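What follows is the content of input-v9.cif, which has mmCIF, C-alpha atoms:
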```cif
data_protein
#
loop_
_atom_site.label_atom_id
_atom_site.label_comp_id
_atom_site.auth_asym_id
_atom_site.auth_seq_id
_atom_site.Cartn_x
_atom_site.Cartn_y
_atom_site.Cartn_z
CA MET O 4 86.49 173.02 72.68
CA PRO O 5 88.94 170.27 73.74
CA ILE O 6 88.83 166.90 72.01
CA LYS O 7 88.25 163.80 74.12
CA ARG O 8 89.02 160.23 73.10
CA ILE O 9 87.65 157.12 74.83
CA ASP O 10 88.51 153.45 74.38
CA LEU O 11 85.20 151.56 74.20
CA SER O 12 86.85 148.11 74.17
CA GLN O 13 86.93 145.55 76.93
CA PRO O 14 90.40 144.18 77.77
CA PHE O 15 91.48 140.92 76.18
CA LYS O 16 93.15 138.75 78.81
CA GLU O 17 93.10 135.31 80.32
CA GLY O 18 90.05 134.83 82.54
CA MET O 19 87.93 137.30 80.54
CA PRO O 20 84.12 136.74 80.39
CA LEU O 21 82.95 134.28 77.72
CA PHE O 22 79.78 132.67 76.38
CA ALA O 23 79.04 129.27 77.89
CA GLY O 24 81.10 126.59 76.18
CA MET O 25 83.52 129.05 74.56
CA ALA O 26 87.20 128.11 74.78
CA ALA O 27 89.18 130.45 77.01
CA PRO O 28 91.71 132.73 75.27
CA GLN O 29 95.37 132.20 76.09
CA PHE O 30 98.24 134.64 75.63
CA PRO O 31 101.42 132.76 76.56
CA ALA O 32 104.74 134.57 76.50
CA LEU O 33 107.18 133.16 73.93
CA ALA O 34 109.93 135.48 75.06
CA VAL O 35 110.34 137.89 77.96
CA VAL O 36 112.52 140.98 77.93
CA GLU O 37 114.29 140.16 81.20
CA GLN O 38 115.42 136.75 79.90
CA HIS O 39 115.62 137.06 76.11
CA GLU O 40 116.19 140.80 75.69
CA PHE O 41 112.98 141.06 73.69
CA GLY O 42 109.33 140.29 74.32
CA MET O 43 106.88 138.27 72.22
CA GLU O 44 103.50 136.74 72.98
CA GLU O 45 101.37 134.12 71.26
CA ILE O 46 97.59 134.42 70.85
CA HIS O 47 95.15 131.50 71.08
CA MET O 48 91.68 132.99 70.75
CA ARG O 49 88.44 132.52 68.86
CA THR O 50 87.27 135.42 66.72
CA HIS O 51 83.89 136.04 68.40
CA VAL O 52 85.04 136.85 71.93
CA GLY O 53 85.37 140.11 73.83
CA THR O 54 84.76 143.37 72.00
CA HIS O 55 84.29 142.20 68.43
CA VAL O 56 82.52 142.78 65.13
CA ASP O 57 80.15 140.31 63.49
CA PHE O 58 80.17 140.47 59.68
CA PRO O 59 77.25 139.23 57.55
CA GLY O 60 79.26 136.11 56.68
CA HIS O 61 78.99 135.08 60.34
CA ILE O 62 75.66 133.32 59.74
CA LYS O 63 74.83 134.04 56.08
CA PRO O 64 76.49 131.88 53.37
CA GLY O 65 78.24 133.88 50.67
CA ARG O 66 77.92 137.20 52.51
CA LYS O 67 80.65 139.73 53.22
CA ARG O 68 83.58 139.00 55.51
CA ARG O 69 86.33 141.18 56.96
CA GLN O 70 88.41 141.73 53.81
CA GLU O 71 85.43 143.27 52.01
CA TYR O 72 85.23 146.22 54.39
CA THR O 73 87.22 149.44 53.98
CA PRO O 74 87.99 152.35 56.33
CA GLU O 75 84.84 154.03 54.97
CA HIS O 76 82.83 151.29 56.70
CA LEU O 77 84.86 151.11 59.90
CA TRP O 78 85.82 154.78 60.47
CA VAL O 79 82.55 156.65 60.85
CA ASP O 80 81.96 160.28 61.83
CA ASP O 81 78.23 159.79 62.43
CA ALA O 82 77.88 157.37 65.32
CA GLN O 83 74.70 158.17 67.23
CA VAL O 84 74.38 157.14 70.88
CA LEU O 85 70.88 156.03 71.92
CA TYR O 86 70.40 156.08 75.69
CA PHE O 87 68.50 153.50 77.74
CA PRO O 88 70.08 153.84 81.20
CA GLY O 89 69.76 150.73 83.33
CA LYS O 90 67.81 148.89 80.64
CA GLN O 91 67.69 145.11 80.86
CA GLY O 92 66.11 142.77 78.34
CA PRO O 93 64.47 143.93 75.09
CA VAL O 94 64.31 147.56 73.99
CA THR O 95 60.89 148.00 72.42
CA LEU O 96 59.85 149.97 69.36
CA GLU O 97 58.02 152.47 71.57
CA GLU O 98 61.13 152.98 73.69
CA ILE O 99 63.44 153.58 70.74
CA ARG O 100 61.06 155.57 68.53
CA PRO O 101 61.86 159.03 70.04
CA GLN O 102 65.55 158.61 69.15
CA LEU O 103 65.23 157.15 65.64
CA ALA O 104 65.33 160.49 63.82
CA ARG O 105 68.99 160.95 64.73
CA LEU O 106 70.09 157.87 62.78
CA ARG O 107 71.64 158.45 59.35
CA PRO O 108 72.30 156.17 56.35
CA GLY O 109 75.72 154.60 56.69
CA GLY O 110 76.07 155.67 60.31
CA ILE O 111 76.38 153.63 63.47
CA ALA O 112 73.90 153.31 66.33
CA LEU O 113 75.29 152.64 69.81
CA ILE O 114 72.85 151.31 72.42
CA ALA O 115 74.02 152.77 75.75
CA THR O 116 72.57 151.07 78.83
CA GLY O 117 75.43 150.81 81.30
CA HIS O 118 75.20 147.02 81.21
CA SER O 119 78.96 146.83 80.66
CA ARG O 120 79.41 147.62 84.35
CA GLN O 121 78.42 143.97 84.93
CA TRP O 122 81.44 142.76 82.91
CA GLY O 123 83.16 140.01 84.87
CA THR O 124 80.08 139.09 86.92
CA PRO O 125 77.42 136.39 86.32
CA GLN O 126 74.87 139.18 85.72
CA TYR O 127 76.61 140.18 82.50
CA TYR O 128 75.12 137.17 80.71
CA ARG O 129 71.69 137.51 82.30
CA ASN O 130 68.84 139.66 80.96
CA ASN O 131 71.18 141.49 78.61
CA PRO O 132 69.90 144.52 76.66
CA TYR O 133 69.04 144.04 72.98
CA LEU O 134 66.46 145.37 70.48
CA GLU O 135 63.25 143.43 69.93
CA GLN O 136 62.49 142.63 66.29
CA GLU O 137 60.10 145.55 65.64
CA ALA O 138 62.73 147.94 66.99
CA VAL O 139 65.40 146.24 64.86
CA LEU O 140 63.34 146.75 61.70
CA ALA O 141 62.70 150.41 62.55
CA VAL O 142 66.42 151.02 63.03
CA LEU O 143 67.28 149.22 59.79
CA GLU O 144 64.84 151.46 57.93
CA ARG O 145 67.17 154.36 58.77
CA GLY O 146 69.90 152.70 56.67
CA ILE O 147 72.59 152.42 59.34
CA GLY O 148 75.74 150.43 58.65
CA ALA O 149 76.37 149.02 62.12
CA ILE O 150 74.77 148.59 65.54
CA GLY O 151 76.74 148.43 68.80
CA PHE O 152 75.82 147.04 72.23
CA ASP O 153 77.36 147.39 75.68
CA GLY O 154 76.30 143.82 76.40
CA PRO O 155 77.25 140.37 75.14
CA SER O 156 74.88 139.94 72.20
CA ALA O 157 72.37 141.43 69.78
CA ASP O 158 70.09 138.58 70.89
CA SER O 159 68.80 137.55 74.26
CA VAL O 160 71.43 135.36 75.89
CA ALA O 161 69.87 132.01 76.78
CA GLU O 162 71.05 129.69 79.49
CA GLY O 163 73.54 127.10 78.33
CA GLU O 164 75.77 126.79 75.31
CA PRO O 165 74.52 128.14 71.93
CA THR O 166 74.11 125.38 69.37
CA GLY O 167 73.55 127.23 66.08
CA ALA O 168 72.00 130.11 64.18
CA ASP O 169 68.53 129.37 65.58
CA ASP O 170 69.82 130.64 68.92
CA PHE O 171 70.44 134.03 67.30
CA PRO O 172 67.30 135.07 65.37
CA LEU O 173 68.04 138.79 65.64
CA HIS O 174 71.56 138.24 64.33
CA GLN O 175 69.83 136.80 61.28
CA VAL O 176 67.87 140.05 60.84
CA TRP O 177 70.74 142.47 61.44
CA LEU O 178 73.34 140.59 59.40
CA GLY O 179 70.83 139.62 56.73
CA ALA O 180 70.31 143.33 56.11
CA GLY O 181 74.08 143.85 55.81
CA CYS O 182 74.30 145.66 59.14
CA LEU O 183 77.43 144.93 61.18
CA ILE O 184 77.05 144.04 64.86
CA ILE O 185 79.53 145.27 67.48
CA GLU O 186 79.28 143.46 70.83
CA ASN O 187 80.83 143.81 74.29
CA LEU O 188 81.42 147.56 74.12
CA THR O 189 81.93 149.58 77.29
CA ARG O 190 81.62 153.18 78.57
CA LEU O 191 78.90 154.07 76.05
CA GLU O 192 76.99 155.97 78.74
CA GLU O 193 79.92 158.42 78.95
CA LEU O 194 79.47 159.53 75.33
CA PRO O 195 77.54 162.52 73.97
CA GLU O 196 74.79 161.97 71.40
CA GLN O 197 77.15 161.96 68.40
CA VAL O 198 80.77 160.81 68.15
CA ASP O 199 83.38 159.88 65.60
CA LEU O 200 83.98 156.14 65.84
CA VAL O 201 86.89 153.99 64.73
CA VAL O 202 86.35 150.21 64.67
CA GLY O 203 89.81 148.67 64.62
CA ALA O 204 88.88 145.26 63.19
CA ILE O 205 92.09 143.37 62.38
CA ASN O 206 92.20 142.51 58.68
CA ILE O 207 92.22 138.73 58.96
CA TRP O 208 91.29 137.24 55.61
CA ASN O 209 87.93 135.49 55.42
CA ALA O 210 87.07 136.22 59.07
CA THR O 211 83.35 136.11 59.90
CA GLY O 212 84.02 138.21 62.98
CA ILE O 213 87.06 139.74 64.58
CA PRO O 214 88.15 141.06 67.99
CA SER O 215 88.42 144.82 67.71
CA ALA O 216 89.65 147.95 69.39
CA VAL O 217 86.88 150.58 69.22
CA TRP O 218 87.59 154.24 69.89
CA ALA O 219 85.32 157.28 70.11
CA LYS O 220 86.34 160.90 69.57
CA PHE O 221 84.21 163.94 70.43
CA GLN O 222 84.34 167.50 71.69
CA SER O 223 84.06 167.65 75.48
#
```

The structure in this file should be written as C-alpha cells.
Amino acid sequence: MPIKRIDLSQPFKEGMPLFAGMAAPQFPALAVVEQHEFGMEEIHMRTHVGTHVDFPGHIKPGRKRRQEYTPEHLWVDDAQVLYFPGKQGPVTLEEIRPQLARLRPGGIALIATGHSRQWGTPQYYRNNPYLEQEAVLAVLERGIGAIGFDGPSADSVAEGEPTGADDFPLHQVWLGAGCLIIENLTRLEELPEQVDLVVGAINIWNATGIPSAVWAKFQS
C-alpha cells in the first residue's frame, strides 16, 4: 500500500491567530535574494504560539524542558487518533471511554474534532474542544507520553488575556503527570486510527515550550 505523509502544523506567519494579549510574531527580511544575492530572515516570536509543544517545565518548577527529550519521545510510531467530529467544549469520560483501549504506554493521543477549520476566525478561540478532568485522568491511566489537540489549548479558552497557571488547570494535570501537550494541530480528521508521528520541536535549550513542525505518516 502507498505511504502518505501529512503536515499537521499550522503556518507560522505575520497575522497568525494568537491568544489575547500575546505579542504578534514578526519575520522581517534581513536580506533578499534580488538585492543581496542571498536571503535571510529574522524571527521575533514567543515559544507558545502556533503549533507548539508544552513541556512539563511550562508550569511546573524543576520539571523537564526541551533539552531533556530525545527522538524516542518525539518520534512515535504509535499515535492513536481519537475522533470527535464537530465536537465543541469538553469531551467527557463517557464520550472518550469507547476509544481508550487503543491507547498505549508511551504513545500519543490525537483528539480529532475538525476545530482547526476555524483557524483564522474568531470562532477558533471560542468553545474549543478539550478533555474534561475525568477524561484526562482516564487517558493518563493508559500511560501515554503526549496528547494533541486541533484547537488552541488543552484547557477551555476563557475570554480575555490569561494571567497565570490558574487559568490552565488541565495543563496542571497533563504536565504534572509528565505528559506533553501539542496544541494548534490541523488536519487530524484526515488521519486513520493509527499513524507514525514526528514532532519537530526545535532544540532550544531550557525552552518550556517550542513551536514545532508535526508530521504524520501512514499507509493510505

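The space between atom CA of Ala219 of chain O and atom CA of Leu183 of chain O spans 17.2 Å.
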
- With the file shown as input, list the residues that the PyMOL selection byres ((chain O and resi 204) around 8) selects, as an MDAnalysis selection string. chainID O and resid 55:56 69 77 202:203 205:206 213:216

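With all atoms listed in the file as the atoms that count, the minimum distance from Asn131 of chain O to the choices O:Val94, O:Leu194, O:Ala210, O:Val201 is reached by O:Val94.
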
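From atom CA of Pro5 of chain O back to atom CA of Leu106 of chain O, the distance works out to 25.1 Å.
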
- Item | Length of the atom CA of Ala23 of chain O to atom CA of Gly117 of chain O vector [Å] | 22.1 Å

- Item | Near-Gly181 of chain O list (8 Å; all atoms listed in the file; drop same-chain fewer than 2 positions) as a ChimeraX atom specification | /O:58-59,148,177-179,183

- Query: So which residues touch Asp57 of chain O within 9 Å, counting only C-alpha atoms, skipping near sequence neighbours fewer than 3 positions away, as number ranges by chain?
  - Reply: O: 51, 60-61, 68, 174, 178, 183-186, 211-213

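Of the residues listed (O:Gly146, O:Ala82, O:Gln136, O:Ser223), O:Ala82 shows the shortest atom-to-atom separation from Gln197 of chain O; distances use all atoms listed in the file.
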
- Message: Need to verify the contact set: Glu144 of chain O, 10 Å, only C-alpha atoms, exclusion of same-chain residues closer than 6 positions in sequence. Can you return it as a ChimeraX atom specification?
- Response: /O:103,106-108,138,180

- If you count only C-alpha atoms, which residues fall within 10 Å of Gln91 of chain O, apart from same-chain ones fewer than 3 positions away, as an MDAnalysis selection string? chainID O and resid 87:88 94 116:118 129:133 154

Using C-alpha atoms, can you export the residues from the last selection as a short mmCIF file (atom, residue, chain, number, x, y, z; two decimals), keeping the file's coordinate frame?
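Below is the file again28.cif, written as the result:
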```
data_model
loop_
_atom_site.label_atom_id
_atom_site.label_comp_id
_atom_site.auth_asym_id
_atom_site.auth_seq_id
_atom_site.Cartn_x
_atom_site.Cartn_y
_atom_site.Cartn_z
CA PHE O 87 68.50 153.50 77.74
CA PRO O 88 70.08 153.84 81.20
CA VAL O 94 64.31 147.56 73.99
CA THR O 116 72.57 151.07 78.83
CA GLY O 117 75.43 150.81 81.30
CA HIS O 118 75.20 147.02 81.21
CA ARG O 129 71.69 137.51 82.30
CA ASN O 130 68.84 139.66 80.96
CA ASN O 131 71.18 141.49 78.61
CA PRO O 132 69.90 144.52 76.66
CA TYR O 133 69.04 144.04 72.98
CA GLY O 154 76.30 143.82 76.40
#
```

- Item | All residues 9 Å or closer to Pro14 of chain O, only C-alpha atoms, same chain fewer than 3 positions away omitted, as a PyMOL selection string | chain O and resi 19+53-54

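Once the PyMOL selection byres ((chain O and resi 10) around 10) is applied to this file, the selection holds Arg8, Ile9, Leu11, Ser12, Gln13, Leu188, Thr189, Arg190, Leu191, Val201, Ala216, Val217, Trp218, Ala219 and Lys220 of chain O.
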
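When all atoms listed in the file are used to compute distances to Gly110 of chain O, the closest of the residues O:Val176, O:Ala26, O:Leu134, O:Cys182 turns out to be O:Cys182.
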